[in-house]
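Student: First the structure, which I've put down as structure tokens, then a few questions once you've had a look.
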Amino acid sequence: MRLTETPGAALYAGGQCVALAGTAPPVPTRAHPLQMMKDGRTTLVLGTPCVDTTDRQQLHRLTALGSALLACRAREEAARAEHKRLRLERLRLMEQLAHRERAWSRAAHDLRTPLLVMQGYIDMMTKGMAGVLTPAMQRYLERMGRAAGEMNVRLQQRPSGEDVPAEDLRAALSATFGPGRNGAARLELPPGPVLLRMPRTGSALLVRTLERLLSGAGASEVLLRMDSPDGVDAWRLLVQARAQLPVPEKALQSLERLARRWQVRVSVRETPELELTVLLPRLPG
């Protein structure tokens, strides 16, 4: 009524007044024909007879407004029902994911024990504790070591439900050591993609650890070269720099922990210049 400036309004349903506000309109039997709608439909009756054109226009506007409000309410109810369905679906997926994680943890735990035994046996044979190895035995042990390392990497990972493409290590190296960075280095990278047999989080953590190691050693004139040596199924990252300080022990320990976890081989030489060699597991294909 504030919008239309009418003295009163009544809402009729099936010939019965169900709502009344302001000045009471005349009863339906005495109302103006333009005030009522037939066939028992819900009708909004203005307090004054709708004989004026302006009043009829306002009535039509109110009718359109009521239809819009009803449609809005229907959309809200549909959205509320959809939200409830999505919430139940989310709870179901969370329960399914938790069950899957528990099953994966149990399987990984059961497989890790024989894997450790196998790795211990390979180390014992490689160190010559069981006698001198022939070239054929050495090849068999290397093959077993690669298989055990690949299994260990798979046990460290979690199944994602879909095949996630591996990240090109060149992008992470360029973003960290490229031109304009604080630890800018001269990069010599291969033309093709550098794909690793390790998750994206592991490669990103490896690059950050290298950055902390070089920064802590006060490295300058840094050279990063990535290549693939012949006869080795791995990528070789060679880091050469002029260091002003000793290599930080904490950063070196972090790098060694990553090496043990993802089957990465690391060698460090600090004199006469800092030289770091990292052999990274290469993704086949």
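Simple scheme: letters A, B, ... for chains in structure tokens order, numbers from 1 for residues in each chain, numbers from 1 for ligands in the order shown.
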Step one, run DSSP on the backbone; step two, keep only residues of region 91-282 of chain A assigned to strand (DSSP E or B); then write them as JSON, numbers by chain.
Tutor: {"A": [186, 187, 188, 196, 220, 221, 222, 223, 224, 225, 226, 227, 234, 235, 236, 237, 238, 239, 240, 241, 242, 265, 266, 267, 268, 269, 274, 275, 276, 277, 278, 279, 280, 281, 282]}
Student: Tell me which protein, DNA and RNA residues are within 12 Å of Leu133 (chain A), counting only C-alpha atoms, leaving out same-chain ones fewer than 6 positions away, and put them as a list in words.
Tutor: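 So the residues in contact are Ile122, Met124, Met125, Thr126, Lys127, Arg139, Tyr140, Leu141 and Glu142 of chain A.
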Student: Assign secondary structure with DSSP using the backbone only, and return the residues of region 41-257 of chain A in helix (DSSP H, G or I) as a PyMOL selection string.
Tutor: chain A and resi 53-126+135-156+169-177+200-216+249-257
Student: Skipping near chain neighbours, those fewer than 3 positions away, what residues fall within 12 Å of Gln253 (chain A) using only C-alpha atoms, listed as a ChimeraX atom specification?
Tutor: /A:209-210,212-213,247-250,256-260,266,268
Student: Could you write those residues out with N, CA, C and O atoms, as a PDB file, in the first residue's frame?
Tutor:
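File produced: out-v5.pdb:
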ATOM      1  N   THR A 209      64.082 -26.226  -1.680  1.00  0.00           N
ATOM      2  CA  THR A 209      65.216 -26.609  -0.836  1.00  0.00           C
ATOM      3  C   THR A 209      66.534 -26.210  -1.488  1.00  0.00           C
ATOM      4  O   THR A 209      67.454 -25.721  -0.811  1.00  0.00           O
ATOM      5  N   LEU A 210      66.648 -26.388  -2.798  1.00  0.00           N
ATOM      6  CA  LEU A 210      67.846 -25.939  -3.503  1.00  0.00           C
ATOM      7  C   LEU A 210      68.024 -24.426  -3.398  1.00  0.00           C
ATOM      8  O   LEU A 210      69.138 -23.922  -3.229  1.00  0.00           O
ATOM      9  N   ARG A 212      66.970 -22.465  -0.931  1.00  0.00           N
ATOM     10  CA  ARG A 212      67.434 -22.138   0.426  1.00  0.00           C
ATOM     11  C   ARG A 212      68.902 -22.512   0.612  1.00  0.00           C
ATOM     12  O   ARG A 212      69.653 -21.800   1.278  1.00  0.00           O
ATOM     13  N   LEU A 213      69.319 -23.632   0.039  1.00  0.00           N
ATOM     14  CA  LEU A 213      70.708 -24.059   0.183  1.00  0.00           C
ATOM     15  C   LEU A 213      71.658 -23.053  -0.478  1.00  0.00           C
ATOM     16  O   LEU A 213      72.669 -22.657   0.116  1.00  0.00           O
ATOM     17  N   VAL A 247      77.940 -24.645   3.186  1.00  0.00           N
ATOM     18  CA  VAL A 247      76.560 -25.058   2.914  1.00  0.00           C
ATOM     19  C   VAL A 247      75.806 -25.207   4.226  1.00  0.00           C
ATOM     20  O   VAL A 247      76.296 -25.877   5.145  1.00  0.00           O
ATOM     21  N   PRO A 248      74.618 -24.601   4.383  1.00  0.00           N
ATOM     22  CA  PRO A 248      73.855 -24.734   5.630  1.00  0.00           C
ATOM     23  C   PRO A 248      73.520 -26.195   5.925  1.00  0.00           C
ATOM     24  O   PRO A 248      73.022 -26.917   5.046  1.00  0.00           O
ATOM     25  N   GLU A 249      73.787 -26.600   7.141  1.00  0.00           N
ATOM     26  CA  GLU A 249      73.561 -27.999   7.516  1.00  0.00           C
ATOM     27  C   GLU A 249      72.083 -28.352   7.473  1.00  0.00           C
ATOM     28  O   GLU A 249      71.709 -29.454   7.052  1.00  0.00           O
ATOM     29  N   LYS A 250      71.233 -27.426   7.890  1.00  0.00           N
ATOM     30  CA  LYS A 250      69.798 -27.726   7.913  1.00  0.00           C
ATOM     31  C   LYS A 250      69.254 -27.914   6.500  1.00  0.00           C
ATOM     32  O   LYS A 250      68.462 -28.844   6.244  1.00  0.00           O
ATOM     33  N   GLU A 256      68.721 -34.179   1.865  1.00  0.00           N
ATOM     34  CA  GLU A 256      68.976 -35.614   2.017  1.00  0.00           C
ATOM     35  C   GLU A 256      67.694 -36.370   2.376  1.00  0.00           C
ATOM     36  O   GLU A 256      67.488 -37.505   1.932  1.00  0.00           O
ATOM     37  N   ARG A 257      66.842 -35.764   3.193  1.00  0.00           N
ATOM     38  CA  ARG A 257      65.560 -36.418   3.509  1.00  0.00           C
ATOM     39  C   ARG A 257      64.709 -36.567   2.258  1.00  0.00           C
ATOM     40  O   ARG A 257      64.077 -37.614   2.038  1.00  0.00           O
ATOM     41  N   LEU A 258      64.660 -35.528   1.431  1.00  0.00           N
ATOM     42  CA  LEU A 258      63.923 -35.638   0.175  1.00  0.00           C
ATOM     43  C   LEU A 258      64.520 -36.712  -0.728  1.00  0.00           C
ATOM     44  O   LEU A 258      63.800 -37.443  -1.413  1.00  0.00           O
ATOM     45  N   ALA A 259      65.845 -36.804  -0.722  1.00  0.00           N
ATOM     46  CA  ALA A 259      66.503 -37.814  -1.555  1.00  0.00           C
ATOM     47  C   ALA A 259      66.125 -39.221  -1.120  1.00  0.00           C
ATOM     48  O   ALA A 259      65.868 -40.102  -1.954  1.00  0.00           O
ATOM     49  N   ARG A 260      66.095 -39.462   0.187  1.00  0.00           N
ATOM     50  CA  ARG A 260      65.716 -40.802   0.675  1.00  0.00           C
ATOM     51  C   ARG A 260      64.257 -41.106   0.379  1.00  0.00           C
ATOM     52  O   ARG A 260      63.895 -42.257   0.115  1.00  0.00           O
ATOM     53  N   VAL A 266      72.058 -37.605  -4.376  1.00  0.00           N
ATOM     54  CA  VAL A 266      72.630 -36.270  -4.232  1.00  0.00           C
ATOM     55  C   VAL A 266      74.105 -36.414  -3.866  1.00  0.00           C
ATOM     56  O   VAL A 266      74.471 -37.236  -3.016  1.00  0.00           O
ATOM     57  N   VAL A 268      77.508 -33.669  -3.042  1.00  0.00           N
ATOM     58  CA  VAL A 268      77.878 -32.274  -2.814  1.00  0.00           C
ATOM     59  C   VAL A 268      79.390 -32.184  -2.688  1.00  0.00           C
ATOM     60  O   VAL A 268      80.014 -32.984  -1.969  1.00  0.00           O
TER      61      VAL A 268
END
Student: Here is a test: counting only C-alpha atoms, which residue of A:Trp262, A:Trp104, A:Trp235, A:Phe177 is nearest to Met151 (chain A)?
Tutor: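 Looking at the shortest contact to Met151 (chain A), the residue is A:Trp262.
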Student: Name the closest residue to Val239 (chain A) among the candidates A:Met198, A:Leu187, A:Leu97, A:Ala107; distances are taken between atoms, counting only C-alpha atoms.
Tutor: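 Looking at the shortest contact to Val239 (chain A), the residue is A:Leu187.
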Student: Considering only C-alpha atoms, can you say which of A:Val222, A:Leu237, A:Ala184, A:Leu255 comes closest to Leu206 (chain A)?
Tutor: A:Leu255
Student: One decimal, in Å: what's the spacing between CA of Arg269 (chain A) and CA of Ser228 (chain A)?
Tutor: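 A separation of 20.4 Å between them.
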Student: To one decimal place in Å, what is the distance between CA of Ala10 (chain A) and CA of Thr23 (chain A)?
Tutor: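 About the pair CA of Ala10 (chain A) and CA of Thr23 (chain A): they are 9.0 Å apart.
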